[in-house]
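For reference, start-v3.tsv (TSV, C-alpha atoms (C1' of nucleotides)):
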chain	number	residue	atom	x	y	z
A	1	MET	CA	123.98	89.22	65.66
A	2	ILE	CA	124.05	89.60	69.40
A	3	ALA	CA	123.32	86.87	71.92
A	4	ILE	CA	121.05	87.49	74.87
A	5	GLY	CA	123.87	87.78	77.41
A	6	GLU	CA	125.58	90.46	75.37
A	7	ALA	CA	122.23	92.16	74.76
A	8	SER	CA	121.76	92.24	78.51
A	9	ARG	CA	125.19	93.77	79.05
A	10	LEU	CA	124.66	96.36	76.33
A	11	SER	CA	121.19	97.39	77.47
A	12	GLY	CA	121.40	97.00	81.21
A	13	VAL	CA	118.28	94.80	81.17
A	14	SER	CA	118.79	91.40	82.79
A	15	ILE	CA	118.55	88.23	80.72
A	16	GLU	CA	115.52	87.02	82.64
A	17	THR	CA	113.82	90.36	82.16
A	18	ILE	CA	114.49	90.39	78.42
A	19	ARG	CA	112.87	86.97	78.13
A	20	TYR	CA	110.03	88.21	80.33
A	21	TYR	CA	109.48	91.21	78.04
A	22	GLU	CA	109.29	88.87	75.06
A	23	ARG	CA	106.88	86.48	76.80
A	24	GLU	CA	104.60	89.35	77.71
A	25	GLY	CA	104.71	90.87	74.25
A	26	ILE	CA	106.35	94.05	75.54
A	27	VAL	CA	108.98	93.62	72.85
A	28	SER	CA	108.47	91.56	69.71
A	29	LYS	CA	109.89	88.04	69.47
A	30	ALA	CA	113.60	87.92	68.82
A	31	GLY	CA	114.97	86.05	65.84
A	32	ARG	CA	116.67	82.73	66.49
A	33	THR	CA	119.91	81.07	65.40
A	34	ALA	CA	119.86	77.63	63.81
A	35	SER	CA	120.15	76.08	67.26
A	36	GLY	CA	117.29	78.11	68.68
A	37	ARG	CA	119.15	80.83	70.55
A	38	ARG	CA	117.85	84.37	70.51
A	39	ALA	CA	119.74	86.82	68.28
A	40	TYR	CA	119.45	90.59	68.55
A	41	SER	CA	120.17	93.46	66.19
A	42	ASP	CA	121.49	96.90	67.13
A	43	THR	CA	117.98	98.27	66.71
A	44	GLU	CA	116.64	95.84	69.25
A	45	ILE	CA	119.39	96.74	71.68
A	46	SER	CA	118.41	100.39	71.30
A	47	GLU	CA	114.83	99.50	72.05
A	48	LEU	CA	115.84	97.67	75.21
A	49	ARG	CA	117.88	100.67	76.28
A	50	PHE	CA	114.95	102.95	75.63
A	51	ILE	CA	112.80	100.77	77.85
A	52	LYS	CA	115.48	100.67	80.50
A	53	ARG	CA	115.77	104.46	80.53
A	54	CYS	CA	112.02	104.90	80.85
A	55	ARG	CA	111.80	102.31	83.62
A	56	ASP	CA	114.63	104.01	85.50
A	57	LEU	CA	112.60	107.20	85.27
A	58	GLY	CA	109.79	105.33	86.97
A	59	PHE	CA	107.42	104.96	84.04
A	60	SER	CA	105.11	101.94	84.26
A	61	ILE	CA	105.36	99.27	81.59
A	62	PRO	CA	102.10	100.37	79.89
A	63	ASP	CA	103.43	103.94	79.82
A	64	VAL	CA	106.74	102.75	78.38
A	65	VAL	CA	104.91	100.86	75.67
A	66	ALA	CA	102.84	103.95	74.88
A	67	LEU	CA	105.99	106.06	74.75
A	68	ARG	CA	107.69	103.62	72.44
A	69	ASP	CA	104.69	103.47	70.13
A	70	LEU	CA	104.64	107.26	70.05
A	71	ALA	CA	108.31	107.26	69.23
A	72	ASP	CA	107.51	105.19	66.15
A	73	ALA	CA	104.42	107.18	65.19
A	74	PRO	CA	104.67	109.74	62.37
A	75	ASN	CA	103.95	113.00	64.21
A	76	ASN	CA	101.53	114.83	66.49
A	77	SER	CA	102.95	112.58	69.17
A	78	CYS	CA	104.86	115.25	71.05
A	79	LYS	CA	101.78	116.51	72.88
A	80	THR	CA	100.91	113.02	73.98
A	81	VAL	CA	104.44	112.38	75.15
A	82	GLU	CA	104.37	115.62	77.09
A	83	GLY	CA	101.07	114.57	78.64
A	84	LEU	CA	102.49	111.27	79.80
A	85	GLY	CA	105.56	113.03	81.13
A	86	ARG	CA	103.54	115.57	83.07
A	87	LYS	CA	101.20	112.96	84.48
A	88	HIS	CA	104.13	110.93	85.69
A	89	LEU	CA	105.89	114.00	87.05
A	90	ALA	CA	102.80	114.82	89.07
A	91	GLU	CA	102.80	111.30	90.51
A	92	VAL	CA	106.46	111.61	91.38
A	93	ARG	CA	105.83	114.91	93.14
A	94	THR	CA	102.97	113.43	95.12
A	95	LYS	CA	105.15	110.53	96.17
A	96	LEU	CA	107.92	112.98	97.10
A	97	LYS	CA	105.56	114.94	99.30
A	98	GLU	CA	104.41	111.80	101.05
A	99	LEU	CA	107.96	110.64	101.59
A	100	ARG	CA	108.98	114.00	103.01
A	101	GLN	CA	106.18	113.85	105.55
A	102	LEU	CA	107.14	110.32	106.34
A	103	GLU	CA	110.76	111.29	106.82
A	104	LYS	CA	109.71	114.03	109.21
A	105	ALA	CA	107.47	111.74	111.23
A	106	LEU	CA	110.06	108.99	111.38
A	107	SER	CA	112.95	111.21	112.33
A	108	GLU	CA	110.91	112.72	115.13
A	109	LEU	CA	109.97	109.29	116.31
A	110	VAL	CA	113.55	108.11	116.28
A	111	SER	CA	115.02	111.22	117.85
A	112	ASN	CA	112.88	110.64	120.91
A	113	CYS	CA	114.65	107.33	121.36
A	114	ALA	CA	117.98	109.00	122.01
A	115	ASN	CA	117.08	110.02	125.53
A	116	GLY	CA	117.58	106.60	127.05
A	117	LYS	CA	114.26	106.59	128.80
A	118	SER	CA	113.06	103.40	130.41
A	119	ASP	CA	109.85	103.26	128.40
A	120	CYS	CA	109.89	103.56	124.63
A	121	PRO	CA	108.54	106.84	123.29
A	122	MET	CA	108.49	105.53	119.74
A	123	LEU	CA	106.28	102.61	120.66
A	124	ASP	CA	104.08	104.91	122.72
A	125	ALA	CA	103.65	107.15	119.70
A	126	LEU	CA	102.82	104.22	117.48
A	127	ARG	CA	100.30	102.97	120.01
A	128	ALA	CA	98.63	106.37	120.50
A	129	SER	CA	95.49	104.49	121.44
B	1	MET	CA	81.81	92.86	120.29
B	2	ILE	CA	82.60	94.54	117.02
B	3	ALA	CA	81.86	93.12	113.57
B	4	ILE	CA	84.49	93.19	110.84
B	5	GLY	CA	82.93	96.10	108.96
B	6	GLU	CA	82.96	98.26	112.05
B	7	ALA	CA	86.48	97.06	112.88
B	8	SER	CA	87.51	98.18	109.42
B	9	ARG	CA	85.95	101.61	109.88
B	10	LEU	CA	87.51	102.04	113.33
B	11	SER	CA	90.99	100.94	112.29
B	12	GLY	CA	91.21	102.18	108.73
B	13	VAL	CA	92.21	98.70	107.57
B	14	SER	CA	89.98	97.28	104.83
B	15	ILE	CA	87.85	94.21	105.49
B	16	GLU	CA	89.71	92.16	102.92
B	17	THR	CA	93.01	93.18	104.43
B	18	ILE	CA	91.90	92.27	107.95
B	19	ARG	CA	90.97	88.80	106.72
B	20	TYR	CA	94.26	88.65	104.85
B	21	TYR	CA	96.18	89.51	108.03
B	22	GLU	CA	94.36	86.72	109.84
B	23	ARG	CA	95.00	84.20	107.05
B	24	GLU	CA	98.68	85.04	107.07
B	25	GLY	CA	98.99	84.86	110.84
B	26	ILE	CA	99.92	88.54	111.06
B	27	VAL	CA	97.20	88.95	113.66
B	28	SER	CA	95.79	86.08	115.69
B	29	LYS	CA	92.48	84.51	114.73
B	30	ALA	CA	89.45	86.54	115.70
B	31	GLY	CA	86.72	85.06	117.88
B	32	ARG	CA	83.47	84.11	116.21
B	33	THR	CA	79.80	84.64	116.92
B	34	ALA	CA	77.41	81.66	117.04
B	35	SER	CA	76.81	82.06	113.32
B	36	GLY	CA	80.49	82.15	112.48
B	37	ARG	CA	81.09	85.84	112.02
B	38	ARG	CA	84.28	87.45	113.28
B	39	ALA	CA	83.98	89.49	116.47
B	40	TYR	CA	86.59	91.98	117.64
B	41	SER	CA	87.44	93.53	120.98
B	42	ASP	CA	88.75	97.05	121.59
B	43	THR	CA	92.21	95.60	122.10
B	44	GLU	CA	92.13	94.01	118.68
B	45	ILE	CA	91.00	97.28	117.11
B	46	SER	CA	93.98	98.98	118.76
B	47	GLU	CA	96.27	96.37	117.33
B	48	LEU	CA	94.88	96.91	113.85
B	49	ARG	CA	95.38	100.64	114.24
B	50	PHE	CA	98.94	100.10	115.41
B	51	ILE	CA	99.58	98.05	112.28
B	52	LYS	CA	97.91	100.67	110.11
B	53	ARG	CA	100.04	103.43	111.56
B	54	CYS	CA	103.24	101.47	111.01
B	55	ARG	CA	102.24	100.56	107.44
B	56	ASP	CA	101.45	104.20	106.71
B	57	LEU	CA	104.95	105.01	107.90
B	58	GLY	CA	106.19	102.56	105.31
B	59	PHE	CA	107.33	99.75	107.59
B	60	SER	CA	107.25	96.31	105.95
B	61	ILE	CA	104.94	93.66	107.40
B	62	PRO	CA	107.86	91.74	109.00
B	63	ASP	CA	109.04	94.99	110.58
B	64	VAL	CA	105.55	95.74	111.83
B	65	VAL	CA	105.33	92.30	113.39
B	66	ALA	CA	108.71	92.82	115.04
B	67	LEU	CA	107.60	96.21	116.33
B	68	ARG	CA	104.39	94.78	117.72
B	69	ASP	CA	106.23	91.94	119.42
B	70	LEU	CA	108.63	94.45	120.93
B	71	ALA	CA	105.69	96.49	122.12
B	72	ASP	CA	104.53	93.45	124.07
B	73	ALA	CA	107.98	92.51	125.35
B	74	PRO	CA	108.96	93.39	128.93
B	75	ASN	CA	111.86	95.79	128.36
B	76	ASN	CA	115.23	96.31	126.66
B	77	SER	CA	113.11	96.68	123.57
B	78	CYS	CA	113.63	100.40	123.10
B	79	LYS	CA	117.06	99.99	121.55
B	80	THR	CA	115.73	97.45	119.09
B	81	VAL	CA	112.82	99.68	118.22
B	82	GLU	CA	115.20	102.55	117.65
B	83	GLY	CA	117.32	100.33	115.43
B	84	LEU	CA	114.36	99.42	113.27
B	85	GLY	CA	113.32	103.04	113.13
B	86	ARG	CA	116.76	104.23	112.06
B	87	LYS	CA	117.14	101.49	109.49
B	88	HIS	CA	113.82	102.41	107.97
B	89	LEU	CA	114.59	106.10	108.11
B	90	ALA	CA	117.78	105.47	106.15
B	91	GLU	CA	115.79	103.60	103.51
B	92	VAL	CA	113.30	106.43	103.30
B	93	ARG	CA	116.10	108.95	102.84
B	94	THR	CA	117.65	106.88	100.07
B	95	LYS	CA	114.31	106.66	98.33
B	96	LEU	CA	113.85	110.41	98.76
B	97	LYS	CA	117.18	111.10	97.15
B	98	GLU	CA	116.33	108.88	94.20
B	99	LEU	CA	112.96	110.51	93.76
B	100	ARG	CA	114.47	113.98	93.84
B	101	GLN	CA	116.87	113.07	91.05
B	102	LEU	CA	114.01	111.56	89.15
B	103	GLU	CA	111.92	114.66	89.59
B	104	LYS	CA	114.75	116.77	88.27
B	105	ALA	CA	115.30	114.58	85.22
B	106	LEU	CA	111.59	114.37	84.45
B	107	SER	CA	110.90	118.06	84.83
B	108	GLU	CA	113.78	118.89	82.51
B	109	LEU	CA	112.46	116.40	80.01
B	110	VAL	CA	108.97	117.82	80.16
B	111	SER	CA	110.02	121.48	80.11
B	112	ASN	CA	111.66	120.89	76.74
B	113	CYS	CA	108.27	119.92	75.38
B	114	ALA	CA	106.86	123.41	75.92
B	115	ASN	CA	108.59	124.86	72.91
B	116	GLY	CA	106.21	123.45	70.35
B	117	LYS	CA	108.96	122.03	68.20
B	118	SER	CA	108.06	119.72	65.37
B	119	ASP	CA	110.18	116.86	66.63
B	120	CYS	CA	109.89	115.65	70.21
B	121	PRO	CA	112.85	116.54	72.44
B	122	MET	CA	111.61	114.26	75.20
B	123	LEU	CA	111.57	111.23	72.93
B	124	ASP	CA	114.96	112.21	71.54
B	125	ALA	CA	116.34	112.33	75.05
B	126	LEU	CA	114.85	108.95	75.88
B	127	ARG	CA	116.28	107.51	72.70
B	128	ALA	CA	119.77	108.96	73.21
B	129	SER	CA	121.05	106.08	71.13
C	1	DC	C1'	58.25	87.66	104.17
C	2	DT	C1'	60.89	90.38	101.37
C	3	DT	C1'	64.55	93.61	100.60
C	4	DG	C1'	69.05	95.01	101.07
C	5	DC	C1'	73.21	95.17	103.61
C	6	DT	C1'	76.87	92.57	105.67
C	7	DT	C1'	79.55	88.65	106.14
C	8	DC	C1'	81.48	84.07	104.93
C	9	DT	C1'	85.03	80.92	102.19
C	10	DG	C1'	87.96	80.12	98.53
C	11	DT	C1'	90.33	81.35	94.56
C	12	DA	C1'	92.59	84.20	91.30
C	13	DG	C1'	94.61	88.57	89.85
C	14	DT	C1'	97.78	92.60	90.49
C	15	DT	C1'	103.17	94.71	89.18
C	16	DA	C1'	107.34	93.77	87.30
C	17	DC	C1'	110.21	90.93	87.84
C	18	DT	C1'	113.42	87.09	89.95
C	19	DA	C1'	114.83	82.38	90.82
C	20	DC	C1'	115.27	78.08	90.06
C	21	DA	C1'	115.42	73.02	87.78
C	22	DG	C1'	116.88	70.23	84.31
C	23	DG	C1'	118.68	69.96	79.95
C	24	DA	C1'	121.08	71.47	75.43
C	25	DT	C1'	124.71	74.09	72.97
C	26	DG	C1'	129.14	76.59	71.90
C	27	DC	C1'	133.82	77.31	72.40
C	28	DA	C1'	138.47	76.76	73.97
C	29	DT	C1'	141.93	73.93	75.58
C	30	DA	C1'	144.70	69.41	76.45
D	1	DT	C1'	138.85	64.02	70.32
D	2	DA	C1'	137.57	64.57	74.87
D	3	DT	C1'	136.35	67.56	78.43
D	4	DG	C1'	134.99	71.20	80.89
D	5	DC	C1'	132.93	75.47	81.55
D	6	DA	C1'	130.07	79.33	80.11
D	7	DT	C1'	125.95	80.34	78.04
D	8	DC	C1'	121.58	79.39	76.59
D	9	DC	C1'	116.86	77.07	76.45
D	10	DT	C1'	111.82	76.16	78.46
D	11	DG	C1'	108.65	76.05	82.01
D	12	DT	C1'	107.20	76.85	86.49
D	13	DA	C1'	106.89	79.00	90.86
D	14	DG	C1'	107.88	82.67	94.06
D	15	DT	C1'	108.01	87.72	95.63
D	16	DA	C1'	105.03	91.94	98.61
D	17	DA	C1'	100.95	93.15	100.19
D	18	DC	C1'	97.12	93.28	99.10
D	19	DT	C1'	92.55	93.50	95.99
D	20	DA	C1'	88.70	91.55	93.59
D	21	DC	C1'	85.55	88.68	92.70
D	22	DA	C1'	81.80	84.53	92.92
D	23	DG	C1'	78.43	82.28	95.20
D	24	DA	C1'	76.20	81.39	99.43
D	25	DA	C1'	74.42	82.52	103.93
D	26	DG	C1'	72.97	85.60	108.02
D	27	DC	C1'	70.70	89.76	110.02
D	28	DA	C1'	67.59	93.68	110.69
D	29	DA	C1'	63.79	96.58	109.33
D	30	DG	C1'	59.32	97.42	107.37
Is it possible to give me this structure as structure tokens?
Amino acid sequence: MIAIGEASRLSGVSIETIRYYEREGIVSKAGRTASGRRAYSDTEISELRFIKRCRDLGFSIPDVVALRDLADAPNNSCKTVEGLGRKHLAEVRTKLKELRQLEKALSELVSNCANGKSDCPMLDALRAS
Amino acid sequence: MIAIGEASRLSGVSIETIRYYEREGIVSKAGRTASGRRAYSDTEISELRFIKRCRDLGFSIPDVVALRDLADAPNNSCKTVEGLGRKHLAEVRTKLKELRQLEKALSELVSNCANGKSDCPMLDALRAS
DNA sequence: CTTGCTTCTGTAGTTACTACAGGATGCATA
DNA sequence: TATGCATCCTGTAGTAACTACAGAAGCAAG
């Protein structure tokens, strides 16, 4: 049996976050030792790592839960998984587009600063009133 | 004098958010009509639009406040403004890089789904246990 | 005078954690 | 056996920047 600190190290999920997941019912309640400490099995570590991987990919907690439930479901789940993946990919691409525009606007704003003018072109642009 | 609804329309900042900004001291308290309703001047609308523009560029509220204070300061502010701009630009570029990697990983994951296999390659990849 | 839109205050909820405080337990060493 | 340090426990509150009500009151038109 694995204590929570070790579970954290093995999964990459912080101790506080593991307890948070349990409180919120995102993972089921861990077993306890005689003295009341949480004890984890290899399976539970795998589940935490699954969650970690999904979170790193930017999936929301509800999406991660859906994905995990699909992973346990018998079959026919692949289409649903693909759907979730594509939906999320579309969101990521939207965000990317926004960030690219933002990068462009910001870098233009900042490059104007380099001229050492007495007034501030960046502030003027932000004012644009 | 402009009522809050009109101020919202003119600035693009929602009514609730305008009140929130006032509560938090992000903008100074608006004047009131005899019956207690908020009344805005053109200057205040401009300030709201300045804030909106900065927020749309992804600046945090503290950064926006700093930027606005610099905009009101006498001079020597341009360098500070540029510093804030460059700092934020660096953050945006970091975020962009992360999102690009994420997009790559996700699109690979999802493209595997297209093969109509009986098991789910995306779930397998997420498991990777 | 009624109808419907706008505004008011105050409070609570959102997302996904993170950060304590204050106390108990486990283990290794002197 | 004592002690000291790491680890763990619960419970609560804080984070960023809003958003969403509820319930009451004001305003303008027909």
Fill in: Distance-based interface of chain D with chain B, 10 Å, counting only C-alpha atoms (C1' of nucleotides), as number ranges by chain
D: 16-20, 25-26
Over every C-alpha pair, in sequence order, do a least-squares fit of chain B onto chain A and save the fitted chain as a PDB file with C-alpha atoms, in the coordinates of the input.
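So result03.pdb came out as:
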ATOM      1  CA  MET B   1     124.139  89.176  65.998  1.00  0.00           C
ATOM      2  CA  ILE B   2     124.148  89.577  69.737  1.00  0.00           C
ATOM      3  CA  ALA B   3     123.353  86.839  72.255  1.00  0.00           C
ATOM      4  CA  ILE B   4     121.013  87.502  75.165  1.00  0.00           C
ATOM      5  CA  GLY B   5     123.783  87.793  77.749  1.00  0.00           C
ATOM      6  CA  GLU B   6     125.539  90.453  75.734  1.00  0.00           C
ATOM      7  CA  ALA B   7     122.202  92.157  75.038  1.00  0.00           C
ATOM      8  CA  SER B   8     121.649  92.255  78.776  1.00  0.00           C
ATOM      9  CA  ARG B   9     125.064  93.786  79.413  1.00  0.00           C
ATOM     10  CA  LEU B  10     124.609  96.364  76.644  1.00  0.00           C
ATOM     11  CA  SER B  11     121.112  97.403  77.691  1.00  0.00           C
ATOM     12  CA  GLY B  12     121.241  97.036  81.447  1.00  0.00           C
ATOM     13  CA  VAL B  13     118.129  94.855  81.350  1.00  0.00           C
ATOM     14  CA  SER B  14     118.570  91.452  83.001  1.00  0.00           C
ATOM     15  CA  ILE B  15     118.358  88.277  80.935  1.00  0.00           C
ATOM     16  CA  GLU B  16     115.296  87.074  82.791  1.00  0.00           C
ATOM     17  CA  THR B  17     113.617  90.409  82.272  1.00  0.00           C
ATOM     18  CA  ILE B  18     114.372  90.427  78.547  1.00  0.00           C
ATOM     19  CA  ARG B  19     112.733  87.016  78.236  1.00  0.00           C
ATOM     20  CA  TYR B  20     109.867  88.268  80.372  1.00  0.00           C
ATOM     21  CA  TYR B  21     109.370  91.261  78.063  1.00  0.00           C
ATOM     22  CA  GLU B  22     109.253  88.906  75.094  1.00  0.00           C
ATOM     23  CA  ARG B  23     106.799  86.535  76.797  1.00  0.00           C
ATOM     24  CA  GLU B  24     104.514  89.422  77.631  1.00  0.00           C
ATOM     25  CA  GLY B  25     104.675  90.922  74.157  1.00  0.00           C
ATOM     26  CA  ILE B  26     106.309  94.093  75.471  1.00  0.00           C
ATOM     27  CA  VAL B  27     109.002  93.652  72.848  1.00  0.00           C
ATOM     28  CA  SER B  28     108.550  91.583  69.707  1.00  0.00           C
ATOM     29  CA  LYS B  29     109.965  88.075  69.515  1.00  0.00           C
ATOM     30  CA  ALA B  30     113.693  87.925  68.946  1.00  0.00           C
ATOM     31  CA  GLY B  31     115.147  86.031  65.997  1.00  0.00           C
ATOM     32  CA  ARG B  32     116.809  82.715  66.695  1.00  0.00           C
ATOM     33  CA  THR B  33     120.048  81.043  65.708  1.00  0.00           C
ATOM     34  CA  ALA B  34     120.018  77.562  64.132  1.00  0.00           C
ATOM     35  CA  SER B  35     120.224  76.049  67.601  1.00  0.00           C
ATOM     36  CA  GLY B  36     117.350  78.099  68.940  1.00  0.00           C
ATOM     37  CA  ARG B  37     119.151  80.813  70.832  1.00  0.00           C
ATOM     38  CA  ARG B  38     117.893  84.387  70.748  1.00  0.00           C
ATOM     39  CA  ALA B  39     119.840  86.796  68.549  1.00  0.00           C
ATOM     40  CA  TYR B  40     119.568  90.570  68.792  1.00  0.00           C
ATOM     41  CA  SER B  41     120.346  93.423  66.439  1.00  0.00           C
ATOM     42  CA  ASP B  42     121.641  96.872  67.392  1.00  0.00           C
ATOM     43  CA  THR B  43     118.150  98.247  66.886  1.00  0.00           C
ATOM     44  CA  GLU B  44     116.747  95.819  69.409  1.00  0.00           C
ATOM     45  CA  ILE B  45     119.456  96.743  71.908  1.00  0.00           C
ATOM     46  CA  SER B  46     118.469 100.393  71.469  1.00  0.00           C
ATOM     47  CA  GLU B  47     114.880  99.510  72.134  1.00  0.00           C
ATOM     48  CA  LEU B  48     115.811  97.689  75.320  1.00  0.00           C
ATOM     49  CA  ARG B  49     117.829 100.689  76.434  1.00  0.00           C
ATOM     50  CA  PHE B  50     114.923 102.997  75.680  1.00  0.00           C
ATOM     51  CA  ILE B  51     112.719 100.817  77.870  1.00  0.00           C
ATOM     52  CA  LYS B  52     115.351 100.732  80.595  1.00  0.00           C
ATOM     53  CA  ARG B  53     115.654 104.495  80.613  1.00  0.00           C
ATOM     54  CA  CYS B  54     111.898 104.959  80.849  1.00  0.00           C
ATOM     55  CA  ARG B  55     111.606 102.360  83.630  1.00  0.00           C
ATOM     56  CA  ASP B  56     114.402 104.067  85.548  1.00  0.00           C
ATOM     57  CA  LEU B  57     112.394 107.263  85.273  1.00  0.00           C
ATOM     58  CA  GLY B  58     109.552 105.392  86.906  1.00  0.00           C
ATOM     59  CA  PHE B  59     107.221 105.057  83.932  1.00  0.00           C
ATOM     60  CA  SER B  60     104.895 102.044  84.132  1.00  0.00           C
ATOM     61  CA  ILE B  61     105.192  99.340  81.474  1.00  0.00           C
ATOM     62  CA  PRO B  62     101.967 100.470  79.715  1.00  0.00           C
ATOM     63  CA  ASP B  63     103.323 104.021  79.659  1.00  0.00           C
ATOM     64  CA  VAL B  64     106.636 102.817  78.287  1.00  0.00           C
ATOM     65  CA  VAL B  65     104.851 100.928  75.537  1.00  0.00           C
ATOM     66  CA  ALA B  66     102.816 104.026  74.715  1.00  0.00           C
ATOM     67  CA  LEU B  67     105.973 106.126  74.643  1.00  0.00           C
ATOM     68  CA  ARG B  68     107.719 103.667  72.366  1.00  0.00           C
ATOM     69  CA  ASP B  69     104.754 103.530  70.013  1.00  0.00           C
ATOM     70  CA  LEU B  70     104.702 107.316  69.922  1.00  0.00           C
ATOM     71  CA  ALA B  71     108.397 107.312  69.168  1.00  0.00           C
ATOM     72  CA  ASP B  72     107.637 105.254  66.074  1.00  0.00           C
ATOM     73  CA  ALA B  73     104.579 107.262  65.053  1.00  0.00           C
ATOM     74  CA  PRO B  74     104.868 109.831  62.248  1.00  0.00           C
ATOM     75  CA  ASN B  75     104.082 113.067  64.093  1.00  0.00           C
ATOM     76  CA  ASN B  76     101.599 114.890  66.336  1.00  0.00           C
ATOM     77  CA  SER B  77     103.035 112.643  68.995  1.00  0.00           C
ATOM     78  CA  CYS B  78     104.914 115.323  70.895  1.00  0.00           C
ATOM     79  CA  LYS B  79     101.821 116.607  72.661  1.00  0.00           C
ATOM     80  CA  THR B  80     100.906 113.113  73.767  1.00  0.00           C
ATOM     81  CA  VAL B  81     104.419 112.477  74.975  1.00  0.00           C
ATOM     82  CA  GLU B  82     104.326 115.707  76.920  1.00  0.00           C
ATOM     83  CA  GLY B  83     101.005 114.684  78.429  1.00  0.00           C
ATOM     84  CA  LEU B  84     102.405 111.391  79.634  1.00  0.00           C
ATOM     85  CA  GLY B  85     105.459 113.150  80.968  1.00  0.00           C
ATOM     86  CA  ARG B  86     103.430 115.712  82.895  1.00  0.00           C
ATOM     87  CA  LYS B  87     101.067 113.111  84.276  1.00  0.00           C
ATOM     88  CA  HIS B  88     103.980 111.081  85.528  1.00  0.00           C
ATOM     89  CA  LEU B  89     105.731 114.128  86.896  1.00  0.00           C
ATOM     90  CA  ALA B  90     102.628 114.957  88.920  1.00  0.00           C
ATOM     91  CA  GLU B  91     102.616 111.437  90.345  1.00  0.00           C
ATOM     92  CA  VAL B  92     106.273 111.723  91.235  1.00  0.00           C
ATOM     93  CA  ARG B  93     105.654 115.020  93.009  1.00  0.00           C
ATOM     94  CA  THR B  94     102.789 113.533  94.995  1.00  0.00           C
ATOM     95  CA  LYS B  95     104.971 110.630  96.019  1.00  0.00           C
ATOM     96  CA  LEU B  96     107.741 113.058  96.964  1.00  0.00           C
ATOM     97  CA  LYS B  97     105.408 115.005  99.182  1.00  0.00           C
ATOM     98  CA  GLU B  98     104.261 111.844 100.927  1.00  0.00           C
ATOM     99  CA  LEU B  99     107.806 110.674 101.449  1.00  0.00           C
ATOM    100  CA  ARG B 100     108.845 114.013 102.897  1.00  0.00           C
ATOM    101  CA  GLN B 101     106.057 113.842 105.460  1.00  0.00           C
ATOM    102  CA  LEU B 102     107.037 110.301 106.216  1.00  0.00           C
ATOM    103  CA  GLU B 103     110.647 111.268 106.671  1.00  0.00           C
ATOM    104  CA  LYS B 104     109.630 113.979 109.083  1.00  0.00           C
ATOM    105  CA  ALA B 105     107.417 111.678 111.135  1.00  0.00           C
ATOM    106  CA  LEU B 106     110.020 108.917 111.220  1.00  0.00           C
ATOM    107  CA  SER B 107     112.921 111.141 112.155  1.00  0.00           C
ATOM    108  CA  GLU B 108     110.924 112.633 115.010  1.00  0.00           C
ATOM    109  CA  LEU B 109     110.029 109.163 116.172  1.00  0.00           C
ATOM    110  CA  VAL B 110     113.613 107.998 116.058  1.00  0.00           C
ATOM    111  CA  SER B 111     115.106 111.130 117.630  1.00  0.00           C
ATOM    112  CA  ASN B 112     113.022 110.480 120.733  1.00  0.00           C
ATOM    113  CA  CYS B 113     114.821 107.179 121.120  1.00  0.00           C
ATOM    114  CA  ALA B 114     118.170 108.875 121.728  1.00  0.00           C
ATOM    115  CA  ASN B 115     117.350 109.807 125.280  1.00  0.00           C
ATOM    116  CA  GLY B 116     117.936 106.386 126.748  1.00  0.00           C
ATOM    117  CA  LYS B 117     114.647 106.329 128.585  1.00  0.00           C
ATOM    118  CA  SER B 118     113.498 103.120 130.178  1.00  0.00           C
ATOM    119  CA  ASP B 119     110.247 102.979 128.262  1.00  0.00           C
ATOM    120  CA  CYS B 120     110.193 103.329 124.488  1.00  0.00           C
ATOM    121  CA  PRO B 121     108.791 106.636 123.212  1.00  0.00           C
ATOM    122  CA  MET B 122     108.680 105.351 119.650  1.00  0.00           C
ATOM    123  CA  LEU B 123     106.496 102.404 120.586  1.00  0.00           C
ATOM    124  CA  ASP B 124     104.329 104.670 122.721  1.00  0.00           C
ATOM    125  CA  ALA B 125     103.825 106.946 119.753  1.00  0.00           C
ATOM    126  CA  LEU B 126     102.951 104.025 117.509  1.00  0.00           C
ATOM    127  CA  ARG B 127     100.519 102.737 120.089  1.00  0.00           C
ATOM    128  CA  ALA B 128      98.830 106.105 120.675  1.00  0.00           C
ATOM    129  CA  SER B 129      95.756 104.159 121.686  1.00  0.00           C
TER     130      SER B 129
END
Show which residues sit within 12 Å of DG23 of chain C, as a tab-separated table (two decimals) with C-alpha atoms (C1' of nucleotides), in the coordinates of the input. Count all atoms listed in the file, and ignore same-chain residues fewer than 5 positions away.
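Okay, result_34.tsv is ready:
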chain	number	residue	atom	x	y	z
D	8	DC	C1'	121.58	79.39	76.59
D	9	DC	C1'	116.86	77.07	76.45
D	10	DT	C1'	111.82	76.16	78.46
D	11	DG	C1'	108.65	76.05	82.01
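Here the residues that fall within 12 Å of (106.0, 106.3, 95.7), using all atoms listed in the file, are given as Gly58, Phe59, His88, Leu89, Ala90, Glu91, Val92, Arg93, Thr94, Lys95, Leu96, Lys97, Glu98, Leu99, Arg100 and Leu102 of chain A; Gly58, Val92, Lys95, Leu96, Glu98, Leu99, Arg100, Leu102 and Glu103 of chain B.
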Chain B contacts to chain C at 12 Å (all atoms listed in the file) as a short mmCIF file (atom, residue, chain, number, x, y, z; two decimals) with C-alpha atoms, in the coordinates of the input:
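Output contents, as saved in selection_23.cif:
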data_model
loop_
_atom_site.label_atom_id
_atom_site.label_comp_id
_atom_site.auth_asym_id
_atom_site.auth_seq_id
_atom_site.Cartn_x
_atom_site.Cartn_y
_atom_site.Cartn_z
CA ALA B 3 81.86 93.12 113.57
CA ILE B 4 84.49 93.19 110.84
CA GLY B 5 82.93 96.10 108.96
CA GLU B 6 82.96 98.26 112.05
CA ILE B 15 87.85 94.21 105.49
CA GLU B 16 89.71 92.16 102.92
CA ARG B 19 90.97 88.80 106.72
CA ARG B 23 95.00 84.20 107.05
CA ARG B 32 83.47 84.11 116.21
CA THR B 33 79.80 84.64 116.92
CA SER B 35 76.81 82.06 113.32
CA GLY B 36 80.49 82.15 112.48
CA ARG B 37 81.09 85.84 112.02
CA ARG B 38 84.28 87.45 113.28
CA ALA B 39 83.98 89.49 116.47
#
